[in-house]
>>> print(open('input.cif').read())   # mmCIF, C-alpha atoms
data_start
loop_
_atom_site.label_atom_id
_atom_site.label_comp_id
_atom_site.auth_asym_id
_atom_site.auth_seq_id
_atom_site.Cartn_x
_atom_site.Cartn_y
_atom_site.Cartn_z
CA MET A 1 0.00 0.00 0.00
CA ASP A 2 1.39 3.43 -0.99
CA LYS A 3 2.03 6.12 1.57
CA PRO A 4 -0.90 8.21 2.83
CA ALA A 5 -0.86 11.88 1.89
CA ILE A 6 -0.20 12.83 5.51
CA CYS A 7 3.10 10.94 5.24
CA GLY A 8 4.09 12.59 1.96
CA GLY A 9 2.09 10.52 -0.53
CA THR A 10 -0.16 11.92 -3.26
CA PRO A 11 -3.71 12.65 -2.02
CA ILE A 12 -6.41 10.33 -3.28
CA ARG A 13 -8.25 13.32 -4.78
CA ASP A 14 -7.44 16.90 -5.72
CA THR A 15 -10.64 18.52 -4.43
CA LYS A 16 -12.26 18.30 -1.02
CA ILE A 17 -15.37 16.26 -0.37
CA PHE A 18 -17.40 16.89 2.79
CA TYR A 19 -19.49 14.59 4.95
CA GLY A 20 -22.82 16.05 3.84
CA HIS A 21 -24.28 18.37 1.22
CA GLN A 22 -27.78 19.34 0.14
CA TYR A 23 -29.08 18.63 -3.36
CA ILE A 24 -31.12 21.48 -4.85
CA ASP A 25 -32.40 21.33 -8.45
CA ASP A 26 -34.28 23.75 -10.69
CA ALA A 27 -37.66 22.42 -9.53
CA ASP A 28 -36.74 23.23 -5.93
CA ILE A 29 -35.69 26.74 -6.88
CA GLN A 30 -38.84 27.37 -8.92
CA VAL A 31 -41.25 26.44 -6.12
CA VAL A 32 -39.53 28.89 -3.78
CA VAL A 33 -39.68 31.62 -6.43
CA ASP A 34 -43.38 30.90 -6.91
CA VAL A 35 -44.02 31.42 -3.20
CA LEU A 36 -42.03 34.66 -3.21
CA LYS A 37 -44.33 35.91 -5.97
CA SER A 38 -47.47 34.79 -4.13
CA ASP A 39 -49.60 36.51 -1.50
CA TYR A 40 -48.29 34.41 1.41
CA LEU A 41 -44.75 34.11 2.72
CA THR A 42 -45.72 32.51 6.04
CA CYS A 43 -48.83 30.90 7.57
CA GLY A 44 -50.05 30.32 4.03
CA PRO A 45 -51.33 27.34 2.03
CA LYS A 46 -47.96 25.60 1.68
CA ILE A 47 -47.96 24.80 5.41
CA GLY A 48 -51.10 22.68 5.19
CA GLU A 49 -49.91 21.16 1.91
CA LEU A 50 -46.65 20.04 3.50
CA GLU A 51 -48.41 18.64 6.56
CA LYS A 52 -50.74 16.63 4.33
CA LYS A 53 -47.81 15.31 2.31
CA LEU A 54 -45.91 14.22 5.43
CA CYS A 55 -48.96 12.30 6.57
CA GLU A 56 -49.26 10.61 3.17
CA ILE A 57 -45.59 9.62 3.16
CA THR A 58 -45.39 8.37 6.75
CA GLY A 59 -48.91 7.15 7.44
CA ALA A 60 -49.25 9.41 10.48
CA LYS A 61 -52.72 10.88 11.10
CA HIS A 62 -51.44 14.36 11.96
CA ALA A 63 -48.39 16.50 11.18
CA VAL A 64 -47.47 19.88 12.62
CA VAL A 65 -44.57 21.58 10.89
CA CYS A 66 -42.37 24.07 12.70
CA SER A 67 -39.18 26.12 12.50
CA ASN A 68 -36.62 23.37 13.15
CA GLY A 69 -36.04 19.96 14.71
CA THR A 70 -35.21 21.43 18.11
CA ALA A 71 -38.53 23.29 18.17
CA ALA A 72 -40.23 20.01 17.25
CA LEU A 73 -38.67 18.26 20.24
CA HIS A 74 -39.62 21.09 22.60
CA MET A 75 -43.22 21.07 21.34
CA ALA A 76 -43.41 17.28 21.68
CA CYS A 77 -42.19 17.40 25.28
CA GLN A 78 -44.74 20.10 26.08
CA ALA A 79 -47.54 18.12 24.46
CA ALA A 80 -46.45 15.07 26.45
CA GLY A 81 -46.87 17.06 29.66
CA VAL A 82 -43.19 17.01 30.62
CA ALA A 83 -42.88 19.30 33.63
CA PRO A 84 -40.43 20.36 36.37
CA GLY A 85 -39.28 17.38 38.41
CA ASP A 86 -39.99 14.84 35.67
CA GLU A 87 -37.26 12.69 34.14
CA VAL A 88 -36.84 12.10 30.41
CA ILE A 89 -34.66 9.20 29.23
CA THR A 90 -32.58 9.67 26.09
CA THR A 91 -29.26 8.69 24.54
CA PRO A 92 -25.98 10.64 24.85
CA ILE A 93 -25.00 9.81 21.25
CA THR A 94 -27.07 12.53 19.63
CA PHE A 95 -27.22 16.25 19.05
CA ALA A 96 -27.73 18.17 22.29
CA ALA A 97 -31.35 19.06 21.44
CA SER A 98 -32.49 15.51 22.26
CA ALA A 99 -31.70 16.20 25.93
CA ASN A 100 -32.13 19.97 25.94
CA CYS A 101 -35.84 19.56 25.17
CA ALA A 102 -36.30 18.09 28.65
CA LEU A 103 -34.42 20.99 30.23
CA TYR A 104 -36.61 23.50 28.38
CA CYS A 105 -39.57 22.02 30.32
CA GLY A 106 -37.75 22.03 33.65
CA ALA A 107 -37.28 18.26 33.56
CA ILE A 108 -34.15 16.15 34.10
CA PRO A 109 -32.46 14.32 31.21
CA VAL A 110 -31.40 10.77 32.10
CA PHE A 111 -28.91 9.15 29.75
CA ALA A 112 -29.26 5.49 28.74
CA ASP A 113 -26.39 3.59 27.17
CA ILE A 114 -26.36 2.25 23.61
CA ASN A 115 -26.32 -1.09 21.87
CA GLU A 116 -22.64 -1.45 20.97
CA GLU A 117 -23.39 -2.96 17.55
CA THR A 118 -26.26 -0.76 16.26
CA TYR A 119 -25.32 2.38 18.27
CA ASN A 120 -29.00 3.04 19.05
CA ILE A 121 -30.38 3.43 22.56
CA ASP A 122 -30.49 0.12 24.45
CA PRO A 123 -34.08 -0.71 25.51
CA ALA A 124 -32.79 -2.81 28.40
CA ASN A 125 -30.99 0.20 29.84
CA VAL A 126 -34.10 2.35 29.34
CA GLU A 127 -36.06 -0.21 31.33
CA ALA A 128 -33.45 -0.26 34.10
CA LEU A 129 -33.43 3.54 34.40
CA THR A 130 -37.21 3.99 34.48
CA CYS A 131 -38.57 5.15 37.82
CA LYS A 132 -41.61 6.93 39.24
CA LYS A 133 -40.27 10.27 38.02
CA THR A 134 -39.91 9.12 34.41
CA LYS A 135 -42.37 10.89 32.10
CA ALA A 136 -41.08 10.23 28.60
CA VAL A 137 -38.45 8.52 26.48
CA VAL A 138 -36.77 10.44 23.64
CA ALA A 139 -35.38 7.66 21.44
CA VAL A 140 -33.08 8.79 18.62
CA ASP A 141 -32.99 6.89 15.32
CA TYR A 142 -29.23 7.33 15.10
CA THR A 143 -27.85 7.47 11.54
CA GLY A 144 -31.39 6.79 10.21
CA GLN A 145 -31.68 3.25 11.56
CA SER A 146 -34.89 2.81 13.51
CA VAL A 147 -34.75 2.25 17.24
CA GLU A 148 -36.39 -0.94 18.56
CA LEU A 149 -39.85 0.56 18.54
CA ASP A 150 -41.77 -2.57 19.54
CA ARG A 151 -39.86 -3.07 22.78
CA LEU A 152 -39.73 0.62 23.62
CA LEU A 153 -43.46 1.05 23.00
CA ALA A 154 -44.30 -1.99 25.12
CA HIS A 155 -42.21 -0.59 27.97
CA CYS A 156 -43.78 2.85 27.67
CA ARG A 157 -47.31 1.43 27.62
CA LYS A 158 -46.58 -0.70 30.69
CA ASN A 159 -45.22 2.29 32.63
CA ASN A 160 -47.55 5.04 31.32
CA LEU A 161 -44.72 6.87 29.55
CA VAL A 162 -44.79 8.88 26.34
CA LEU A 163 -42.51 7.63 23.55
CA ILE A 164 -41.08 10.52 21.54
CA GLU A 165 -39.11 9.27 18.56
CA ASP A 166 -36.39 11.77 17.66
CA GLY A 167 -36.54 11.04 13.95
CA ALA A 168 -34.21 13.81 12.80
CA HIS A 169 -32.27 11.17 10.82
CA VAL A 170 -35.09 8.80 9.93
CA ILE A 171 -37.10 10.21 7.01
CA GLY A 172 -37.53 7.40 4.46
CA THR A 173 -36.93 4.55 6.93
CA SER A 174 -39.48 1.82 7.68
CA TYR A 175 -39.86 -0.41 10.75
CA ASN A 176 -41.52 -3.79 10.25
CA GLY A 177 -43.01 -2.50 7.01
CA LYS A 178 -44.48 0.70 8.50
CA LYS A 179 -42.94 4.10 7.88
CA ASN A 180 -41.29 5.69 10.88
CA GLY A 181 -43.45 8.58 11.93
CA SER A 182 -46.62 6.54 12.27
CA ILE A 183 -45.58 4.28 15.17
CA ALA A 184 -44.37 6.21 18.24
CA ASP A 185 -46.62 8.51 20.27
CA MET A 186 -44.88 11.42 18.56
CA THR A 187 -42.06 11.51 16.01
CA THR A 188 -40.02 14.64 15.37
CA LEU A 189 -38.30 15.46 12.07
CA SER A 190 -35.57 17.85 10.98
CA PHE A 191 -35.01 19.43 7.57
CA HIS A 192 -31.52 20.84 8.14
CA PRO A 193 -29.38 20.96 4.96
CA VAL A 194 -27.37 17.80 5.75
CA LYS A 195 -30.54 15.73 6.22
CA THR A 196 -31.98 13.53 3.46
CA VAL A 197 -34.48 16.26 2.49
CA THR A 198 -34.07 19.91 3.40
CA GLY A 199 -35.91 23.18 3.74
CA GLY A 200 -32.77 25.06 4.75
CA GLU A 201 -34.20 24.69 8.23
CA GLY A 202 -37.51 23.32 9.42
CA GLY A 203 -38.99 20.56 11.51
CA ALA A 204 -42.20 18.64 12.17
CA VAL A 205 -43.99 16.56 14.76
CA LEU A 206 -46.00 13.56 13.60
CA THR A 207 -48.65 11.88 15.76
CA ASN A 208 -51.75 9.72 15.64
CA ASN A 209 -53.04 11.22 18.88
CA GLU A 210 -55.72 13.91 18.51
CA GLU A 211 -55.01 15.47 21.92
CA TYR A 212 -51.30 15.81 21.21
CA TYR A 213 -52.13 17.28 17.81
CA ARG A 214 -54.31 20.04 19.27
CA LYS A 215 -51.63 20.91 21.83
CA LEU A 216 -48.89 20.97 19.20
CA LEU A 217 -50.85 23.47 17.09
CA LEU A 218 -51.14 25.75 20.12
CA TYR A 219 -47.52 25.47 21.21
CA ARG A 220 -46.30 26.27 17.69
CA SER A 221 -48.12 29.62 17.57
CA HIS A 222 -47.89 31.43 20.91
CA GLY A 223 -50.67 29.35 22.49
CA ILE A 224 -53.11 31.48 20.51
CA THR A 225 -56.32 30.17 18.94
CA ARG A 226 -59.07 31.52 16.70
CA ASP A 227 -61.18 28.40 17.32
CA VAL A 228 -64.33 29.66 19.09
CA SER A 229 -64.92 26.25 20.66
CA LEU A 230 -61.66 26.61 22.60
CA MET A 231 -62.20 30.19 23.79
CA GLU A 232 -63.18 31.20 27.32
CA ASN A 233 -64.90 34.44 26.27
CA GLU A 234 -67.41 35.42 23.63
CA PRO A 235 -65.66 36.91 20.57
CA ASP A 236 -66.37 40.60 20.12
CA GLY A 237 -65.65 40.55 16.39
CA PRO A 238 -64.22 38.47 13.52
CA TRP A 239 -60.73 39.67 14.42
CA TYR A 240 -60.88 38.15 17.90
CA TYR A 241 -58.43 35.55 19.16
CA GLU A 242 -57.31 34.30 22.56
CA GLN A 243 -54.11 33.06 24.11
CA ILE A 244 -55.08 29.96 26.07
CA ALA A 245 -51.61 28.44 26.65
CA LEU A 246 -48.01 29.56 26.83
CA GLY A 247 -46.65 28.76 23.41
CA MET A 248 -43.73 29.85 21.24
CA ASN A 249 -43.31 31.29 17.79
CA TYR A 250 -42.10 28.09 16.13
CA ARG A 251 -43.82 28.63 12.79
CA MET A 252 -42.37 27.66 9.42
CA THR A 253 -42.35 29.95 6.37
CA ASP A 254 -44.12 29.02 3.15
CA MET A 255 -40.78 29.26 1.31
CA GLN A 256 -39.39 26.49 3.51
CA ALA A 257 -42.56 24.42 3.19
CA ALA A 258 -42.53 24.68 -0.61
CA LEU A 259 -38.88 23.60 -0.76
CA ILE A 260 -39.52 20.60 1.54
CA ILE A 261 -42.55 19.53 -0.53
CA SER A 262 -40.38 19.58 -3.66
CA GLN A 263 -37.60 17.69 -1.86
CA LEU A 264 -40.05 15.04 -0.64
CA ASP A 265 -40.98 14.35 -4.26
CA LYS A 266 -37.37 13.17 -4.65
CA LEU A 267 -37.27 11.11 -1.44
CA PRO A 268 -37.42 7.74 -3.28
CA VAL A 269 -34.36 8.56 -5.41
CA PHE A 270 -32.56 10.17 -2.46
CA SER A 271 -33.18 7.05 -0.41
CA ALA A 272 -32.14 4.66 -3.17
CA ARG A 273 -28.85 6.46 -3.78
CA ARG A 274 -27.98 6.58 -0.09
CA LYS A 275 -28.61 2.85 0.13
CA GLU A 276 -26.29 2.26 -2.84
CA ILE A 277 -23.49 4.23 -1.18
CA VAL A 278 -23.96 2.48 2.17
CA LYS A 279 -23.86 -0.92 0.43
CA ALA A 280 -20.61 -0.01 -1.33
CA TYR A 281 -19.04 1.20 1.91
CA ASP A 282 -20.18 -1.85 3.88
CA GLU A 283 -18.87 -4.29 1.28
CA ALA A 284 -15.48 -2.58 1.22
CA PHE A 285 -15.01 -2.01 4.94
CA GLN A 286 -16.19 -5.46 6.04
CA LYS A 287 -13.03 -6.78 4.40
CA LEU A 288 -10.81 -4.69 6.67
CA PRO A 289 -10.24 -6.17 10.15
CA GLN A 290 -9.12 -2.73 11.34
CA LEU A 291 -12.70 -1.45 11.02
CA PHE A 292 -16.12 -2.29 12.46
CA VAL A 293 -19.23 -1.88 10.28
CA GLN A 294 -22.42 -0.72 12.04
CA LYS A 295 -24.96 -3.52 12.39
CA GLU A 296 -28.59 -3.10 11.40
CA ILE A 297 -31.61 -4.74 13.01
CA PRO A 298 -33.73 -6.76 10.56
CA GLN A 299 -36.87 -4.75 11.41
CA SER A 300 -35.34 -1.54 10.00
CA ASP A 301 -35.34 -0.81 6.26
CA THR A 302 -33.01 2.13 6.66
CA THR A 303 -32.45 5.29 4.68
CA ARG A 304 -29.12 6.22 6.23
CA HIS A 305 -28.52 9.87 7.10
CA LEU A 306 -24.98 9.27 8.41
CA TYR A 307 -22.36 6.66 7.63
CA ILE A 308 -20.31 5.91 10.70
CA LEU A 309 -16.83 4.47 10.27
CA ARG A 310 -15.68 2.82 13.51
CA ILE A 311 -12.02 2.01 13.92
CA ARG A 312 -10.62 -0.82 16.01
CA PRO A 313 -7.81 0.89 17.96
CA GLU A 314 -6.31 -2.43 19.01
CA LYS A 315 -5.63 -3.23 15.34
CA LEU A 316 -4.19 0.17 14.37
CA SER A 317 -1.07 2.11 15.28
CA ILE A 318 -3.00 5.42 15.18
CA ASP A 319 -6.02 6.70 17.10
CA ARG A 320 -9.26 8.20 15.84
CA LYS A 321 -7.89 11.78 15.76
CA GLN A 322 -4.92 10.70 13.64
CA PHE A 323 -7.18 8.65 11.33
CA PHE A 324 -9.44 11.71 10.94
CA GLU A 325 -6.45 13.93 10.10
CA ALA A 326 -5.09 11.37 7.64
CA LEU A 327 -8.43 11.35 5.80
CA ALA A 328 -8.42 15.16 5.67
CA ALA A 329 -4.99 15.03 4.04
CA GLU A 330 -6.54 12.83 1.32
CA ASN A 331 -9.17 15.61 0.87
CA ILE A 332 -11.86 13.48 2.52
CA CYS A 333 -13.32 15.95 5.03
CA CYS A 334 -15.31 14.09 7.66
CA ASN A 335 -17.02 14.85 10.95
CA VAL A 336 -17.78 13.10 14.24
CA HIS A 337 -21.36 12.40 15.40
CA TYR A 338 -21.59 12.80 18.32
CA ILE A 339 -19.75 14.03 21.37
CA PRO A 340 -21.70 12.51 24.30
CA THR A 341 -24.10 15.22 25.42
CA TYR A 342 -23.12 15.07 29.07
CA TYR A 343 -19.47 15.79 28.18
CA PHE A 344 -20.38 19.42 27.51
CA PRO A 345 -19.48 22.01 30.16
CA TYR A 346 -23.11 23.03 30.59
CA TYR A 347 -24.10 19.49 31.53
CA GLN A 348 -21.01 19.02 33.67
CA LYS A 349 -22.09 22.08 35.66
CA LEU A 350 -25.49 20.45 36.15
CA GLY A 351 -23.71 17.55 37.86
CA TYR A 352 -23.34 14.99 35.08
CA LYS A 353 -20.09 13.02 35.13
CA ARG A 354 -18.21 10.94 32.60
CA GLY A 355 -18.67 7.23 33.05
CA LEU A 356 -22.48 7.26 32.86
CA CYS A 357 -22.67 5.32 29.59
CA PRO A 358 -19.45 3.32 29.00
CA LYS A 359 -20.48 1.87 25.63
CA ALA A 360 -21.44 5.29 24.27
CA GLU A 361 -18.20 6.82 25.53
CA LYS A 362 -16.12 4.08 23.91
CA LEU A 363 -18.03 4.55 20.66
CA TYR A 364 -17.27 8.26 20.66
CA GLU A 365 -13.52 7.56 20.84
CA GLU A 366 -13.64 5.37 17.73
CA ILE A 367 -16.04 6.92 15.19
CA ILE A 368 -15.80 9.14 12.13
CA SER A 369 -18.69 10.25 9.90
CA LEU A 370 -17.82 9.63 6.25
CA PRO A 371 -19.30 11.52 3.27
CA LEU A 372 -22.84 10.37 2.48
CA TYR A 373 -25.27 12.35 0.33
CA TYR A 374 -27.30 12.03 -2.84
CA GLY A 375 -25.02 14.09 -5.06
CA MET A 376 -21.96 11.87 -4.55
CA THR A 377 -20.68 10.35 -7.78
CA ASP A 378 -19.42 6.79 -8.07
CA ARG A 379 -15.92 8.27 -8.26
CA ASP A 380 -16.50 10.19 -5.02
CA VAL A 381 -17.56 6.95 -3.33
CA LYS A 382 -14.50 5.12 -4.68
CA ASP A 383 -12.23 7.91 -3.46
CA VAL A 384 -13.62 7.61 0.05
CA ILE A 385 -13.21 3.83 0.02
CA ASP A 386 -9.67 4.09 -1.37
CA ALA A 387 -8.66 6.69 1.20
CA VAL A 388 -10.05 4.72 4.14
CA THR A 389 -8.45 1.53 2.86
CA ARG A 390 -5.08 3.21 2.29
CA ILE A 391 -4.97 4.51 5.85
CA ALA A 392 -6.32 1.38 7.51
CA VAL A 393 -3.83 -0.88 5.75
CA TYR A 394 -0.83 1.45 6.11
CA TYR A 395 -1.34 1.85 9.86
CA GLN A 396 -2.38 -1.71 10.68
CA LYS A 397 -0.56 -3.34 13.57
#
>>> encode(input="input.cif", output="structure tokens")
Amino acid sequence: MDKPAICGGTPIRDTKIFYGHQYIDDADIQVVVDVLKSDYLTCGPKIGELEKKLCEITGAKHAVVCSNGTAALHMACQAAGVAPGDEVITTPITFAASANCALYCGAIPVFADINEETYNIDPANVEALTCKKTKAVVAVDYTGQSVELDRLLAHCRKNNLVLIEDGAHVIGTSYNGKKNGSIADMTTLSFHPVKTVTGGEGGAVLTNNEEYYRKLLLYRSHGITRDVSLMENEPDGPWYYEQIALGMNYRMTDMQAALIISQLDKLPVFSARRKEIVKAYDEAFQKLPQLFVQKEIPQSDTTRHLYILRIRPEKLSIDRKQFFEALAAENICCNVHYIPTYYFPYYQKLGYKRGLCPKAEKLYEEIISLPLYYGMTDRDVKDVIDAVTRIAVYYQK
């Protein structure tokens, strides 16, 4: 094997490739232009159109779109009745919002460890951590692979808990033949640019529960209603409205909604291409004993948002940081998802200590997020494989 670029060899490629990138075509641009020329820029017809489309795609009865995935999680926790003194169980291998949503409601995040092969939250640890204070479980479909919904739902039903599926990565995935978004009590989505479909920003909460749906609509828009049946006073004119709850301004613009609708039309091809890239990566990296390939449960037909490369330090003469830097020298610019949430200074000041979730902490020391997005060419994919292989073989013990 020739020398890696970091040791003086020629880089695998001349231009940089990054771990994620949105795909925007002329149809996407045109729908946004059409909205800009219309009468409504926000709170207009595209909001309802997007919500209807999300229900059609996922099978959920109700969808409430909002400003971003973090807002979606906050709204879901509020609708679930999460309150000061409650505990909310989640995973540390996620973006901070999955735990922050509990803090927004005055509740206490409790971190459950992961399954060391799938990297998703371990239902057995969720069960062990459940107590009288537990109100909800925020289960993250890490990388786009579904969590074990059957077991988590059974546990939540038995203990009167609300299951919130943090589906920021999961659009396009199915669990036991049903689309994620139609199974948990509530499922939140994100439309950030590195996700499978994007609105620039944007989020949504999906639910089959009518009560949650009504609450979500209120919490999205200041807690204000124009529905006379919900008002405490007699309207004194057609302009009248009432604030009946403490909500936020978490509304989505019609420009974002139009873009997401257009992107969702391409979800089948986005999903198919991501699966092709994951298959190519898996086939290549399974041949390298220096690497571990993420396992997938048979119930999950996964549209992968992230591809996680996990190194085996005992089989390499370099650590994850050096592997990451060696890939960058080959012009393969990666990322790491995620730093365990309770490592952050804010959480440390709240009293959280390292050592809470040993499997998650070990995972963090060994993972790198490789490029994975629809616009990657076959040559891009080959370059990533060649770069990873070059480094793994050169530095093998």
>>> closest_atom_pairs(input="input.cif", of="stretch 282-348 of chain A", to="stretch 117-137 of chain A", cutoff="8 Å", atoms="all atoms listed in the file", output="CSV")
residue,atom,partner,partner_atom,distance
A:Gln294,CA,A:Thr118,CA,5.7
A:Lys295,CA,A:Thr118,CA,4.9
A:Glu296,CA,A:Thr118,CA,5.9
A:Ile297,CA,A:Thr118,CA,7.4
>>> closest_residue(input="input.cif", among="A:Val82, A:Leu54, A:Val147, A:Leu309", to="A:Leu267", atoms="all atoms listed in the file")
A:Leu54
>>> atom_distance(input="input.cif", atom1="atom CA of A:Asp141", atom2="atom CA of A:Thr91")
10.1 Å
>>> residues_around(input="input.cif", residues="A:Tyr374", least_positions_apart="5", cutoff="7 Å", atoms="all atoms listed in the file", output="count of residues only")
4
>>> resolve_selection(input="input.cif", expression="the PyMOL selection byres ((chain A and resi 328) around 10)", output="ChimeraX atom specification")
/A:5-6,11,16-18,322-327,329-334,387
>>> atom_distance(input="input.cif", atom1="atom CA of A:Glu283", atom2="atom CA of A:Leu189")
29.7 Å
>>> closest_residue(input="input.cif", among="A:Asp386, A:Asp236, A:Glu211, A:Glu361", to="A:Ala80", atoms="all atoms listed in the file")
A:Glu211
>>> residues_around(input="input.cif", residues="A:Ser221", least_positions_apart="6", cutoff="8 Å", atoms="only C-alpha atoms", output="PDB file with C-alpha atoms, keeping the file's coordinate frame")
ATOM      1  CA  GLY A 247     -46.650  28.760  23.410  1.00  0.00           C
ATOM      2  CA  MET A 248     -43.730  29.850  21.240  1.00  0.00           C
ATOM      3  CA  ASN A 249     -43.310  31.290  17.790  1.00  0.00           C
ATOM      4  CA  TYR A 250     -42.100  28.090  16.130  1.00  0.00           C
ATOM      5  CA  ARG A 251     -43.820  28.630  12.790  1.00  0.00           C
TER       6      ARG A 251
END
>>> closest_residue(input="input.cif", among="A:Leu372, A:Lys359, A:Ala284, A:Asn208", to="A:Thr389", atoms="only C-alpha atoms")
A:Ala284
>>> resolve_selection(input="input.cif", expression="the PyMOL selection byres ((chain A and resi 40-45) around 8)", output="list in words")
Val35, Leu36, Ser38, Asp39, Lys46, Ile47, Gly48, Glu49, Arg251, Met252, Thr253, Asp254 and Met255 of chain A
>>> resolve_selection(input="input.cif", expression="the PyMOL selection byres ((chain A and resi 287-289) around 9)", output="ChimeraX atom specification")
/A:282-286,290-292,312,315,389,392-393
>>> closest_residue(input="input.cif", among="A:His155, A:Lys382, A:His337, A:Lys61", to="A:Arg13", atoms="all atoms listed in the file")
A:Lys382
>>> residues_around(input="input.cif", residues="A:Ala184", least_positions_apart="2", cutoff="7 Å", atoms="all atoms listed in the file", output="ChimeraX atom specification")
/A:163-165,181-182,186-187
>>> write_last_selection(input="input.cif", atoms="C-alpha atoms", output="PDB file, in the coordinates of the input")
ATOM      1  CA  LEU A 163     -42.510   7.630  23.550  1.00  0.00           C
ATOM      2  CA  ILE A 164     -41.080  10.520  21.540  1.00  0.00           C
ATOM      3  CA  GLU A 165     -39.110   9.270  18.560  1.00  0.00           C
ATOM      4  CA  GLY A 181     -43.450   8.580  11.930  1.00  0.00           C
ATOM      5  CA  SER A 182     -46.620   6.540  12.270  1.00  0.00           C
ATOM      6  CA  MET A 186     -44.880  11.420  18.560  1.00  0.00           C
ATOM      7  CA  THR A 187     -42.060  11.510  16.010  1.00  0.00           C
TER       8      THR A 187
END
>>> axis_aligned_box(input="input.cif", around="stretch 301-313 of chain A", padding_each_side="4 Å", output="JSON")
{"center_x": -21.6, "center_y": 4.5, "center_z": 11.3, "size_x": 35.5, "size_y": 18.7, "size_z": 21.3}
>>> residues_around(input="input.cif", residues="stretch 227-233 of chain A", least_positions_apart="6", cutoff="9 Å", atoms="all atoms listed in the file", output="list of chain:residue names")
A:Tyr241, A:Glu242, A:Gln243, A:Ile244
>>> write_last_selection(input="input.cif", atoms="C-alpha atoms", output="short mmCIF file (atom, residue, chain, number, x, y, z; two decimals), in the coordinates of the input")
data_model
loop_
_atom_site.label_atom_id
_atom_site.label_comp_id
_atom_site.auth_asym_id
_atom_site.auth_seq_id
_atom_site.Cartn_x
_atom_site.Cartn_y
_atom_site.Cartn_z
CA TYR A 241 -58.43 35.55 19.16
CA GLU A 242 -57.31 34.30 22.56
CA GLN A 243 -54.11 33.06 24.11
CA ILE A 244 -55.08 29.96 26.07
#
>>> residues_around(input="input.cif", residues="stretch 100-116 of chain A", least_positions_apart="6", cutoff="7 Å", atoms="only C-alpha atoms", output="tab-separated table (two decimals) with C-alpha atoms, keeping the file's coordinate frame")
chain	number	residue	atom	x	y	z
A	73	LEU	CA	-38.67	18.26	20.24
A	74	HIS	CA	-39.62	21.09	22.60
A	77	CYS	CA	-42.19	17.40	25.28
A	78	GLN	CA	-44.74	20.10	26.08
A	82	VAL	CA	-43.19	17.01	30.62
A	83	ALA	CA	-42.88	19.30	33.63
A	84	PRO	CA	-40.43	20.36	36.37
A	85	GLY	CA	-39.28	17.38	38.41
A	86	ASP	CA	-39.99	14.84	35.67
A	87	GLU	CA	-37.26	12.69	34.14
A	88	VAL	CA	-36.84	12.10	30.41
A	89	ILE	CA	-34.66	9.20	29.23
A	90	THR	CA	-32.58	9.67	26.09
A	91	THR	CA	-29.26	8.69	24.54
A	92	PRO	CA	-25.98	10.64	24.85
A	122	ASP	CA	-30.49	0.12	24.45
A	125	ASN	CA	-30.99	0.20	29.84
A	126	VAL	CA	-34.10	2.35	29.34
A	357	CYS	CA	-22.67	5.32	29.59
A	359	LYS	CA	-20.48	1.87	25.63
A	360	ALA	CA	-21.44	5.29	24.27
>>> atom_distance(input="input.cif", atom1="atom CA of A:Arg214", atom2="atom CA of A:Leu246")
13.7 Å
>>> closest_residue(input="input.cif", among="A:Asp185, A:His21, A:Lys353, A:Cys66", to="A:Arg157", atoms="only C-alpha atoms")
A:Asp185
>>> closest_residue(input="input.cif", among="A:Val140, A:Ile57, A:Ile260, A:Leu206", to="A:Ala96", atoms="all atoms listed in the file")
A:Val140
